[in-house]
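Report on the structure given below.
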Amino acid sequence: PANTKWVRGRRCVGLKELSAQVMAGARVVAALVLGAATAAATNATWCSARNHRRLAGGCVHSLRPALPHAAAARLGALLQRAWQQDGFLYATNCVRKGDACECGNRKFRMDPKDSAPAQAAAVYCRDKRGGFIYSKHELDRSSTAHALLEKTVDGLIRPRLEEAIGGPVANLTDWFASAFQPGGWLGIHTDVGLGHVAFVLNLTPDDNAFRGGDLEFAEGHTMGHAVSPKFNSLAAFRVGAGAAPLPHRVAAVDAPRGSLPRLAITGWYTIPGADPRAVSPAILAQEKGRR
């Protein structure tokens, strides 16, 4: 779009091997929150033709670089290590019963070694009915990597998110780390019930060989805008009650064998004084899911 500017950033590299020991974990946490200075960032905004109110939804804000380079590199390396050590679970929201598909907000997670039937069911249901269906992996919430991220995500994301949207946020309602390997996708949806502002922080190095995985936003019956999953880029947009609907999806990922998946951290915040109906405890519980 004519009103969007993009800046290509440089890939950040370098991270000493992370230890599972408690003291090493504490050092990782400290390293992530140190060094608040961030290189000059480009904050690009795309707005749907249907709504141009900056804080009332209908706009996508893209910030890059989102974090200090060292912090982003450490986060990315932490997720890469977790992926390589089988620290992610397969996640879907569909169950196939005969020829029928039951797909909704309820999330099912399982060991990847046991996920082949569930992955096949997700593909079957997508091809049969489309809509909000996904096939991806998420960082195990009981893992050491998740515990380390739990201590740092809010402190790192909050100030940059507020800069991106041009206003304050309040509570972090939920977050997760995702991995989209070849064939993974996330069908169109609106994040209803999860908060007032959604964010996606991309953490796969730019020289990785995967293709696709764009965060795409609908404009009527077509996709009007796409955010490429560039390393250390942040996308933010209003969701929920009181905001203009902005349906979005993650395009299918294609990658050669052995390449990294599309790695990202996704979450939702509330906005002070905004419509409380944007947060549904029942939907949040379904989003957090079960194993």
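Within each chain, counting starts at residue 1; across the structure tokens, chains are named A, B, ... in the order shown, with ligands numbered 1 upward in that order.
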Checklist entry - Got a sec: who's within 10 Å of Pro261 (chain A), counting only C-alpha atoms, leaving out chain neighbours fewer than 5 positions off, as a PyMOL selection string? => result chain A and resi 80+83+136-137+178-182+184+204+208-211+213+253-256
Checklist entry - Neighbours of Asp191 (chain A) within 9 Å (only C-alpha atoms; same-chain residues fewer than 6 positions away dropped), as a PyMOL selection string? => result chain A and resi 198+239-240+247-248+268
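Per DSSP on the backbone, helix (DSSP H, G or I) in region 128-168 of chain A comprises Lys128, Arg129, Thr144, Ala145, His146, Ala147, Leu148, Leu149, Glu150, Val153, Asp154, Gly155, Leu156, Ile157, Arg158, Pro159, Arg160, Leu161, Glu162, Glu163, Ala164 and Ile165 of chain A.
Proximity of A:Gln84, A:Gln286, A:Ala243, A:Val153 to Gly258 (chain A), computed with only C-alpha atoms, is greatest for A:Gln84.
Each of A:Gly76, A:Pro281, A:Gly98, A:Gly58 was compared to Ala145 (chain A) using only C-alpha atoms, and A:Gly76 turns out to be the nearest.
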Checklist entry - Quick one: distance from CA of Leu149 (chain A) to CA of Ala177 (chain A) in Å, one decimal? => result 9.1 Å
Checklist entry - Which residues, written as JSON, numbers by chain, have at least one atom at most 7 Å from Thr45 (chain A), with only C-alpha atoms counted and residues fewer than 3 positions away on the same chain left out? => result {"A": [4, 59, 60, 61, 62]}
Checklist entry - Got a sec: who's within 10 Å of Cys103 (chain A), counting only C-alpha atoms, leaving out chain neighbours fewer than 4 positions off, as a ChimeraX atom specification? => result /A:92-96,107,122,125-126,129,131-134
What would the file look like if the residues just selected were written as a short mmCIF file (atom, residue, chain, number, x, y, z; two decimals), in the first residue's frame with N, CA and C atoms?
```
data_model
loop_
_atom_site.label_atom_id
_atom_site.label_comp_id
_atom_site.auth_asym_id
_atom_site.auth_seq_id
_atom_site.Cartn_x
_atom_site.Cartn_y
_atom_site.Cartn_z
N THR A 92 -3.94 -27.84 17.58
CA THR A 92 -5.01 -27.64 16.62
C THR A 92 -6.30 -27.37 17.37
N ASN A 93 -7.31 -26.94 16.65
CA ASN A 93 -8.62 -26.68 17.26
C ASN A 93 -9.72 -27.50 16.61
N CYS A 94 -9.32 -28.55 15.89
CA CYS A 94 -10.29 -29.37 15.15
C CYS A 94 -10.21 -30.83 15.57
N VAL A 95 -11.37 -31.45 15.63
CA VAL A 95 -11.47 -32.89 15.85
C VAL A 95 -12.37 -33.46 14.76
N ARG A 96 -11.91 -34.51 14.11
CA ARG A 96 -12.71 -35.17 13.08
C ARG A 96 -13.42 -36.38 13.67
N LYS A 107 -8.63 -25.45 22.27
CA LYS A 107 -7.33 -25.81 21.73
C LYS A 107 -6.90 -27.17 22.27
N ALA A 122 -6.93 -32.01 10.71
CA ALA A 122 -6.97 -30.57 10.48
C ALA A 122 -6.98 -30.25 8.99
N CYS A 125 -10.46 -31.11 7.56
CA CYS A 125 -11.48 -30.14 7.94
C CYS A 125 -11.27 -28.80 7.24
N ARG A 126 -10.02 -28.40 7.07
CA ARG A 126 -9.74 -27.17 6.33
C ARG A 126 -10.26 -27.27 4.90
N ARG A 129 -14.34 -27.44 5.02
CA ARG A 129 -15.17 -26.33 5.47
C ARG A 129 -14.45 -24.98 5.56
N GLY A 131 -12.33 -21.69 7.03
CA GLY A 131 -12.59 -20.87 8.20
C GLY A 131 -11.50 -20.99 9.25
N PHE A 132 -11.89 -20.82 10.51
CA PHE A 132 -10.94 -20.78 11.62
C PHE A 132 -10.51 -22.20 12.01
N ILE A 133 -9.46 -22.65 11.37
CA ILE A 133 -8.84 -23.94 11.65
C ILE A 133 -7.32 -23.71 11.59
N TYR A 134 -6.59 -24.37 12.47
CA TYR A 134 -5.15 -24.18 12.42
C TYR A 134 -4.41 -25.50 12.66
#
```
Next on the checklist: Need to verify the contact set: Ala282 (chain A), 12 Å, only C-alpha atoms, exclusion of same-chain residues closer than 2 positions in sequence. Can you return it as a PyMOL selection string?
Outcome noted: chain A and resi 105-106+192-194+277-280+284-289
Pull all heavy atoms from the residues just selected and write them as an mmCIF file, in the first residue's frame.
```cif
data_model
loop_
_atom_site.group_PDB
_atom_site.id
_atom_site.type_symbol
_atom_site.label_atom_id
_atom_site.label_comp_id
_atom_site.auth_asym_id
_atom_site.auth_seq_id
_atom_site.Cartn_x
_atom_site.Cartn_y
_atom_site.Cartn_z
ATOM 1 N N ASN A 105 -13.025 -22.639 19.393
ATOM 2 C CA ASN A 105 -11.995 -21.949 20.155
ATOM 3 C C ASN A 105 -11.175 -22.900 21.023
ATOM 4 O O ASN A 105 -10.076 -22.551 21.459
ATOM 5 C CB ASN A 105 -12.621 -20.873 21.044
ATOM 6 C CG ASN A 105 -13.148 -19.700 20.253
ATOM 7 O OD1 ASN A 105 -12.528 -19.279 19.275
ATOM 8 N ND2 ASN A 105 -14.292 -19.168 20.647
ATOM 9 N N ARG A 106 -11.702 -24.071 21.328
ATOM 10 C CA ARG A 106 -11.005 -25.006 22.200
ATOM 11 C C ARG A 106 -9.734 -25.514 21.530
ATOM 12 O O ARG A 106 -9.750 -25.951 20.381
ATOM 13 C CB ARG A 106 -11.916 -26.183 22.543
ATOM 14 C CG ARG A 106 -11.360 -27.096 23.616
ATOM 15 C CD ARG A 106 -12.368 -28.189 23.931
ATOM 16 N NE ARG A 106 -11.930 -29.014 25.022
ATOM 17 C CZ ARG A 106 -12.591 -30.075 25.482
ATOM 18 N NH1 ARG A 106 -13.747 -30.407 24.906
ATOM 19 N NH2 ARG A 106 -12.128 -30.790 26.485
ATOM 20 N N VAL A 192 -11.536 -12.625 18.979
ATOM 21 C CA VAL A 192 -12.593 -12.164 19.876
ATOM 22 C C VAL A 192 -12.413 -12.783 21.258
ATOM 23 O O VAL A 192 -12.071 -13.950 21.408
ATOM 24 C CB VAL A 192 -13.988 -12.498 19.298
ATOM 25 C CG1 VAL A 192 -14.185 -14.001 19.181
ATOM 26 C CG2 VAL A 192 -15.089 -11.877 20.142
ATOM 27 N N GLY A 193 -12.603 -11.964 22.287
ATOM 28 C CA GLY A 193 -12.577 -12.433 23.666
ATOM 29 C C GLY A 193 -11.224 -12.507 24.321
ATOM 30 O O GLY A 193 -11.127 -12.853 25.499
ATOM 31 N N LEU A 194 -10.152 -12.160 23.607
ATOM 32 C CA LEU A 194 -8.808 -12.356 24.138
ATOM 33 C C LEU A 194 -8.152 -11.087 24.663
ATOM 34 O O LEU A 194 -7.135 -11.166 25.360
ATOM 35 C CB LEU A 194 -7.921 -12.978 23.059
ATOM 36 C CG LEU A 194 -8.380 -14.362 22.573
ATOM 37 C CD1 LEU A 194 -7.562 -14.808 21.373
ATOM 38 C CD2 LEU A 194 -8.281 -15.385 23.698
ATOM 39 N N ARG A 277 -15.832 -6.019 27.827
ATOM 40 C CA ARG A 277 -16.382 -7.203 27.162
ATOM 41 C C ARG A 277 -15.401 -7.809 26.160
ATOM 42 O O ARG A 277 -15.627 -8.914 25.652
ATOM 43 C CB ARG A 277 -17.686 -6.847 26.451
ATOM 44 C CG ARG A 277 -18.827 -6.462 27.383
ATOM 45 C CD ARG A 277 -20.016 -5.977 26.594
ATOM 46 N NE ARG A 277 -19.689 -4.771 25.825
ATOM 47 C CZ ARG A 277 -20.525 -4.191 24.973
ATOM 48 N NH1 ARG A 277 -21.731 -4.714 24.774
ATOM 49 N NH2 ARG A 277 -20.157 -3.097 24.319
ATOM 50 N N ALA A 278 -14.314 -7.104 25.882
ATOM 51 C CA ALA A 278 -13.302 -7.626 24.959
ATOM 52 C C ALA A 278 -12.545 -8.810 25.547
ATOM 53 O O ALA A 278 -11.834 -9.509 24.827
ATOM 54 C CB ALA A 278 -12.318 -6.525 24.570
ATOM 55 N N VAL A 279 -12.669 -9.019 26.858
ATOM 56 C CA VAL A 279 -11.980 -10.128 27.520
ATOM 57 C C VAL A 279 -13.018 -11.117 28.036
ATOM 58 O O VAL A 279 -13.867 -10.762 28.852
ATOM 59 C CB VAL A 279 -11.098 -9.638 28.681
ATOM 60 C CG1 VAL A 279 -10.387 -10.817 29.335
ATOM 61 C CG2 VAL A 279 -10.083 -8.615 28.188
ATOM 62 N N SER A 280 -12.942 -12.334 27.560
ATOM 63 C CA SER A 280 -13.847 -13.397 27.985
ATOM 64 C C SER A 280 -13.048 -14.474 28.715
ATOM 65 O O SER A 280 -12.223 -15.155 28.097
ATOM 66 C CB SER A 280 -14.561 -14.023 26.783
ATOM 67 O OG SER A 280 -15.181 -15.241 27.135
ATOM 68 N N LEU A 284 -10.556 -17.246 26.970
ATOM 69 C CA LEU A 284 -9.150 -17.311 27.354
ATOM 70 C C LEU A 284 -8.781 -18.707 27.844
ATOM 71 O O LEU A 284 -7.700 -19.226 27.534
ATOM 72 C CB LEU A 284 -8.851 -16.281 28.435
ATOM 73 C CG LEU A 284 -8.533 -14.865 27.971
ATOM 74 C CD1 LEU A 284 -8.464 -13.911 29.142
ATOM 75 C CD2 LEU A 284 -7.224 -14.825 27.178
ATOM 76 N N ALA A 285 -9.684 -19.316 28.601
ATOM 77 C CA ALA A 285 -9.412 -20.679 29.099
ATOM 78 C C ALA A 285 -9.308 -21.657 27.939
ATOM 79 O O ALA A 285 -8.458 -22.561 27.943
ATOM 80 C CB ALA A 285 -10.516 -21.106 30.064
ATOM 81 N N GLN A 286 -10.146 -21.486 26.922
ATOM 82 C CA GLN A 286 -10.083 -22.351 25.748
ATOM 83 C C GLN A 286 -8.791 -22.103 24.970
ATOM 84 O O GLN A 286 -8.165 -23.049 24.461
ATOM 85 C CB GLN A 286 -11.285 -22.113 24.855
ATOM 86 C CG GLN A 286 -12.598 -22.591 25.444
ATOM 87 C CD GLN A 286 -13.785 -22.225 24.562
ATOM 88 O OE1 GLN A 286 -13.833 -21.156 23.973
ATOM 89 N NE2 GLN A 286 -14.763 -23.117 24.489
ATOM 90 N N GLU A 287 -8.372 -20.846 24.890
ATOM 91 C CA GLU A 287 -7.142 -20.504 24.177
ATOM 92 C C GLU A 287 -5.929 -21.135 24.865
ATOM 93 O O GLU A 287 -5.017 -21.646 24.202
ATOM 94 C CB GLU A 287 -6.972 -18.987 24.126
ATOM 95 C CG GLU A 287 -5.602 -18.498 23.716
ATOM 96 C CD GLU A 287 -5.184 -18.940 22.332
ATOM 97 O OE1 GLU A 287 -6.071 -19.102 21.463
ATOM 98 O OE2 GLU A 287 -3.991 -19.146 22.106
ATOM 99 N N LYS A 288 -5.907 -21.105 26.187
ATOM 100 C CA LYS A 288 -4.783 -21.692 26.915
ATOM 101 C C LYS A 288 -4.765 -23.205 26.754
ATOM 102 O O LYS A 288 -3.708 -23.820 26.783
ATOM 103 C CB LYS A 288 -4.845 -21.296 28.382
ATOM 104 C CG LYS A 288 -4.616 -19.795 28.563
ATOM 105 C CD LYS A 288 -4.727 -19.361 30.018
ATOM 106 C CE LYS A 288 -4.507 -17.858 30.141
ATOM 107 N NZ LYS A 288 -4.622 -17.366 31.523
ATOM 108 N N GLY A 289 -5.942 -23.782 26.543
ATOM 109 C CA GLY A 289 -6.060 -25.164 26.116
ATOM 110 C C GLY A 289 -5.647 -26.184 27.140
ATOM 111 O O GLY A 289 -5.445 -25.907 28.314
#
```
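In terms of minimum interatomic distance to Gly224 (chain A), A:Trp46 ranks closest within A:Trp46, A:Ala264, A:Gly183, A:Gly87, counting only C-alpha atoms.
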For region 186-256 of chain A against region 154-160 of chain A, with a cut-off of 12 Å and counting only C-alpha atoms, what is the closest atom pair and its distance in Å to one decimal for every residue that makes the cut, ordered by chain and number, as CSV?
```
residue,atom,partner,partner_atom,distance
A:Val197,CA,A:Arg158,CA,11.1
A:Ala198,CA,A:Ile157,CA,11.3
A:Phe199,CA,A:Ile157,CA,8.8
A:Val200,CA,A:Ile157,CA,9.8
A:Leu201,CA,A:Ile157,CA,8.5
A:Asn202,CA,A:Ile157,CA,11.9
A:Asn232,CA,A:Ile157,CA,11.4
A:Ser233,CA,A:Arg160,CA,10.6
A:Leu234,CA,A:Arg160,CA,8.4
A:Ala235,CA,A:Arg160,CA,10.4
A:Ala236,CA,A:Arg160,CA,10.0
```
Checklist entry - Which parts of region 59-179 of chain A does DSSP call strand (DSSP E or B) when run on the backbone here, written out as a ChimeraX atom specification? => result /A:59-64,88-97,100-110,134-139,172-179
